[in-house]
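For reference, the structure is listed below as structure tokens.
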Amino acid sequence: MAHPSKASFKNGYSLVEDEASRFNAQHKRNVSFTASMHEFQLNLLNGIPNEYNVSIIREITDELYNIMGITDDSVSPYDGATFVNPFIVYLENYSLGGAKAGMNKK
Amino acid sequence: MHYYDEHTGNGGIIKTAGFGLNNLLISDSPQMKIMMHNMSGRKWRLQNDELFNGNVFETYNNNSIYVSKDSPVEGGYFLGDIYYKDNSGRVIKVENIKYLGNNQYEVSRTYVTNENAPDLSAPNIKPETITLESNWDLWNLFGAEKSVEYDELSRTFVQSENSIKFVVDMMNRVGIRQSDNIQTQEDVYQFMKHSDIHYMPVDGSVKQGAANMNDSKMWSTDNPEMLNFMKVKMNQAGIQLDKEHNADSEEVSLMTQVISACAQRGYTLGRSTKMYQALASLAKVGIQDQYEALSELYRISNSGTDAEYENQKSKFQETVVDLVFDSLLHQSETSDLVSKIAQKFVQEAKLGRKIQFKSDPGEHNGLDSALPFSIDEIYRKTYSIINVALTRAAIKIKLPGVLSILCPSFNIMKLYDGKLYHEYTDPDTELETIQQQYDANPIWQYQRQYDYTVGESRLGDIGDEFASSNIEEGIKLSREDYDVDEFIDYILNRGQFADNPRSQREFQLFSELFE
């Protein structure tokens, strides 16, 4: 139940709808458990530290319109991106061994 | 990335795409330099959170780290040649770094020529005393975003990521010993790896378990010690197998999902219909050869002579054969029979023979080679191939160019009028001039040209003018049912578009979508 609820509650608050929404939101992301993923090898002398300092920053948003007159009142340009410390980029590639990637990673 | 905190019971998921900062990016965005400072400017700390005080140019094996081959240290580790450009574009080499105590270092530098020889005409640079307390300080010592390296091939200095790589190298070699036998990170505390902010995700990527969120003003606040952060264990983190995307590829693939996405974003039926029309126009371009041949065939079959029909029919057949042949060549999955026929065609084509349409395999008529459509398997496969080929050519048409999306950035990322930031000699002044030019002709004018509705007060100047002129001619217009072609012609032939070839071209391209 730790996941934020995204239920709309059009007919007023409903515990069942709330629980279902949270369940759905949480479990749809369990795909990352089964997705093919290369984990970082930890504890290497030339690898990443075992703990990261993660500094979450509020997305910037603004209104937007195009020449057709179509508007959107909250466009978020970075949409789920993470900026990565440049030194960590290299250490991560060392920790990925043969699976090393470029500068940008998913 | 999945994480869990045993103390609080709080867990979290971050699903994101990580974009690494690098020297090139930072050199073209002053805001990225602020972000770099915020991430790497936190002071080095020991395990007990006390500030580090000591010589970082010494490995955990007590060997010196030196930077010039001209003055090597016995048993020491050579980090590499450190070059960077100063603000006037002259190349500077770091010759020596000497520890003075209390995090202070004396740095000797010299100018070198573009051919990597000592620049005897340049003035001597006095040794400078600097303080090193963070990775940011170290990165700056190595030249920061102005780092260059000597390219032996072109015999000149080129842009480099060396200032980052040198810091990484030192991160791995410097630390406080925890054990006599050093094999893993547990045996040495590599303090340079622990002080920085490692990831800076925007809130949207943290699906669950966000803690210590920073306000959006931290995008432009230059103060590394002000950032809130949380510690995350990295034992459940990694990258996807498909690990890299390039957002700046040179073609854009048009997908039907785009339409679905538009519908989900609340596009009205009218707008979606226009998008379908635009797609149909693009599809027509993709299959133009086949489309024109078929149109001509139909036209002649209804009104032309028999001879014209036969002539056009054979042309159409040749077009289809070309299409099928091309598809066979590029098919990855074919049945044995089709595969063999395809191989035969390839051999024939290599010999320079022409491949032609043939309906009856029994009649060869002296042709070089023939595609026997009457064989059942070929017939079915052929239609399948045509179908797939047309779909690929039309629906998944690839267009040269990039997909540009308007989005707000609050100066974090900027466009510099076709140049990169570092390519300007005096970026602040030159960009100010360019900005004034753009301000004189703001982009909202484009929006106003469309944003007209007869009978409402929001009429844009051009829209107003256009609507008025049409009212005089008895045409009633509203925003929903205007004649696109007519309006585009009108705009192209007046005022700023008539005087500006680039705008005219852009608008022309845009209008072609709606032909």
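Simple scheme: letters A, B, ... for chains in structure tokens order, numbers from 1 for residues in each chain, numbers from 1 for ligands in the order shown.
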
Write down, as a PDB file with C-alpha atoms, in the first residue's frame, each residue of chain A that has any atom within 8 Å of an atom of chain B, counting only C-alpha atoms.
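Everything below was put into selection.pdb:
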```pdb
ATOM      1  CA  ALA A   2       3.038   2.250  -0.077  1.00  0.00           C
ATOM      2  CA  HIS A   3       2.496   3.188  -3.682  1.00  0.00           C
ATOM      3  CA  PRO A   4       0.650   6.456  -4.306  1.00  0.00           C
ATOM      4  CA  ALA A  35      13.015  -7.874 -17.183  1.00  0.00           C
ATOM      5  CA  SER A  36      16.430  -8.749 -18.496  1.00  0.00           C
ATOM      6  CA  MET A  37      18.748  -6.591 -16.444  1.00  0.00           C
ATOM      7  CA  HIS A  38      22.470  -6.382 -15.951  1.00  0.00           C
ATOM      8  CA  GLU A  39      23.142  -5.727 -12.297  1.00  0.00           C
ATOM      9  CA  PHE A  40      26.198  -3.785 -11.231  1.00  0.00           C
ATOM     10  CA  LEU A  42      29.557  -4.424  -6.325  1.00  0.00           C
ATOM     11  CA  ASN A  43      32.663  -4.238  -4.144  1.00  0.00           C
ATOM     12  CA  LEU A  44      35.113  -3.936  -7.025  1.00  0.00           C
ATOM     13  CA  LEU A  45      38.133  -1.762  -6.349  1.00  0.00           C
ATOM     14  CA  ASN A  46      37.468   0.099  -9.596  1.00  0.00           C
ATOM     15  CA  GLY A  47      33.687  -0.090  -9.452  1.00  0.00           C
ATOM     16  CA  ILE A  48      30.770   1.863  -8.070  1.00  0.00           C
ATOM     17  CA  PRO A  49      30.296   2.414  -4.337  1.00  0.00           C
ATOM     18  CA  ASN A  50      27.812   0.105  -2.616  1.00  0.00           C
ATOM     19  CA  GLU A  51      25.599   3.039  -1.748  1.00  0.00           C
ATOM     20  CA  TYR A  52      24.560   5.980  -3.870  1.00  0.00           C
ATOM     21  CA  ASN A  53      23.593   9.451  -2.785  1.00  0.00           C
ATOM     22  CA  VAL A  54      20.377  10.068  -4.676  1.00  0.00           C
ATOM     23  CA  SER A  55      19.110  13.611  -4.798  1.00  0.00           C
ATOM     24  CA  ILE A  56      15.585  13.723  -6.160  1.00  0.00           C
ATOM     25  CA  ILE A  57      14.631  17.017  -7.734  1.00  0.00           C
ATOM     26  CA  ARG A  58      11.198  18.341  -8.524  1.00  0.00           C
ATOM     27  CA  GLU A  59      10.498  18.381 -12.233  1.00  0.00           C
ATOM     28  CA  ILE A  60      10.080  21.749 -13.905  1.00  0.00           C
ATOM     29  CA  THR A  61       6.781  22.166 -15.711  1.00  0.00           C
ATOM     30  CA  ASP A  62       5.188  24.884 -17.748  1.00  0.00           C
ATOM     31  CA  GLU A  63       2.372  25.609 -20.126  1.00  0.00           C
ATOM     32  CA  LEU A  64       2.995  24.981 -23.759  1.00  0.00           C
ATOM     33  CA  TYR A  65       1.282  25.560 -27.037  1.00  0.00           C
ATOM     34  CA  ASN A  66       2.183  25.004 -30.646  1.00  0.00           C
ATOM     35  CA  ILE A  67       1.412  26.874 -33.826  1.00  0.00           C
ATOM     36  CA  MET A  68      -1.811  24.929 -34.234  1.00  0.00           C
ATOM     37  CA  GLY A  69      -3.053  26.449 -31.023  1.00  0.00           C
ATOM     38  CA  VAL A  75       4.592  19.798 -19.866  1.00  0.00           C
ATOM     39  CA  SER A  76       7.499  18.243 -18.006  1.00  0.00           C
ATOM     40  CA  PRO A  77      10.541  18.232 -20.287  1.00  0.00           C
ATOM     41  CA  TYR A  78      12.713  15.772 -18.392  1.00  0.00           C
ATOM     42  CA  ASP A  79       9.904  13.267 -17.881  1.00  0.00           C
ATOM     43  CA  GLY A  80      11.481  10.643 -15.683  1.00  0.00           C
ATOM     44  CA  ALA A  81      15.102  11.265 -16.584  1.00  0.00           C
ATOM     45  CA  THR A  82      18.053  11.060 -14.214  1.00  0.00           C
ATOM     46  CA  PHE A  83      21.192  13.148 -14.468  1.00  0.00           C
ATOM     47  CA  VAL A  84      24.199  11.035 -13.637  1.00  0.00           C
ATOM     48  CA  ASN A  85      27.427  12.181 -12.046  1.00  0.00           C
ATOM     49  CA  PRO A  86      30.045  11.917 -14.836  1.00  0.00           C
ATOM     50  CA  PHE A  87      32.550  10.052 -12.670  1.00  0.00           C
ATOM     51  CA  ILE A  88      29.916   7.471 -11.798  1.00  0.00           C
ATOM     52  CA  VAL A  89      29.256   6.898 -15.502  1.00  0.00           C
ATOM     53  CA  TYR A  90      32.744   5.437 -15.847  1.00  0.00           C
ATOM     54  CA  LEU A  91      32.644   3.505 -12.575  1.00  0.00           C
ATOM     55  CA  ALA A 101      27.212   0.764 -22.039  1.00  0.00           C
ATOM     56  CA  GLY A 102      27.897   4.258 -23.246  1.00  0.00           C
ATOM     57  CA  MET A 103      27.351   7.486 -21.401  1.00  0.00           C
ATOM     58  CA  ASN A 104      23.568   7.138 -21.268  1.00  0.00           C
ATOM     59  CA  LYS A 105      21.841   4.155 -19.687  1.00  0.00           C
ATOM     60  CA  LYS A 106      18.346   2.835 -19.136  1.00  0.00           C
TER      61      LYS A 106
END
```

> Tell me, which residues of segment 23-62 of chain A carry DSSP strand (DSSP E or B), written as a PyMOL selection string?
Replying inline: chain A and resi 37-39+51-54+57+62

> For Ile412 of chain B, which of B:Arg45, B:Ser220, B:Leu431, B:Ser108 is the closest residue, counting only C-alpha atoms?
Replying inline: B:Ser220

> From the set B:Gln178, B:Asn411, B:Ser154, B:Asn96, which residue has the shortest atom-to-atom contact distance to Pro72 of chain B, counting only C-alpha atoms?
Replying inline: B:Asn96

> Out of A:Ala20, A:His27, A:Gln41, A:Ser8, which residue has the shortest atom-to-atom distance to Ala99 of chain A when counting only C-alpha atoms?
Replying inline: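 Residue with the minimum atom-to-atom distance to Ala99 of chain A: A:Gln41.
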
> Near Tyr77 of chain B, counting only C-alpha atoms, which residues have an atom at most 9 Å away, once you skip same-chain residues fewer than 2 positions from it, shown as a PyMOL selection string?
Replying inline: chain B and resi 58-59+63-67+72-75+79

File of the preceding selection, C-alpha atoms, as a short mmCIF file (atom, residue, chain, number, x, y, z; two decimals), in the first residue's frame:
```cif
data_model
loop_
_atom_site.label_atom_id
_atom_site.label_comp_id
_atom_site.auth_asym_id
_atom_site.auth_seq_id
_atom_site.Cartn_x
_atom_site.Cartn_y
_atom_site.Cartn_z
CA GLU B 58 49.15 9.46 -3.00
CA THR B 59 47.65 6.02 -3.56
CA ASN B 63 52.85 5.65 -3.87
CA SER B 64 52.94 9.13 -5.33
CA ILE B 65 50.68 10.08 -8.22
CA TYR B 66 52.50 12.35 -10.68
CA VAL B 67 51.41 14.14 -13.85
CA PRO B 72 58.76 10.99 -12.82
CA VAL B 73 58.61 9.77 -9.23
CA GLU B 74 60.24 6.42 -8.58
CA GLY B 75 57.63 3.80 -7.77
CA LEU B 79 48.24 9.72 -14.08
#
```
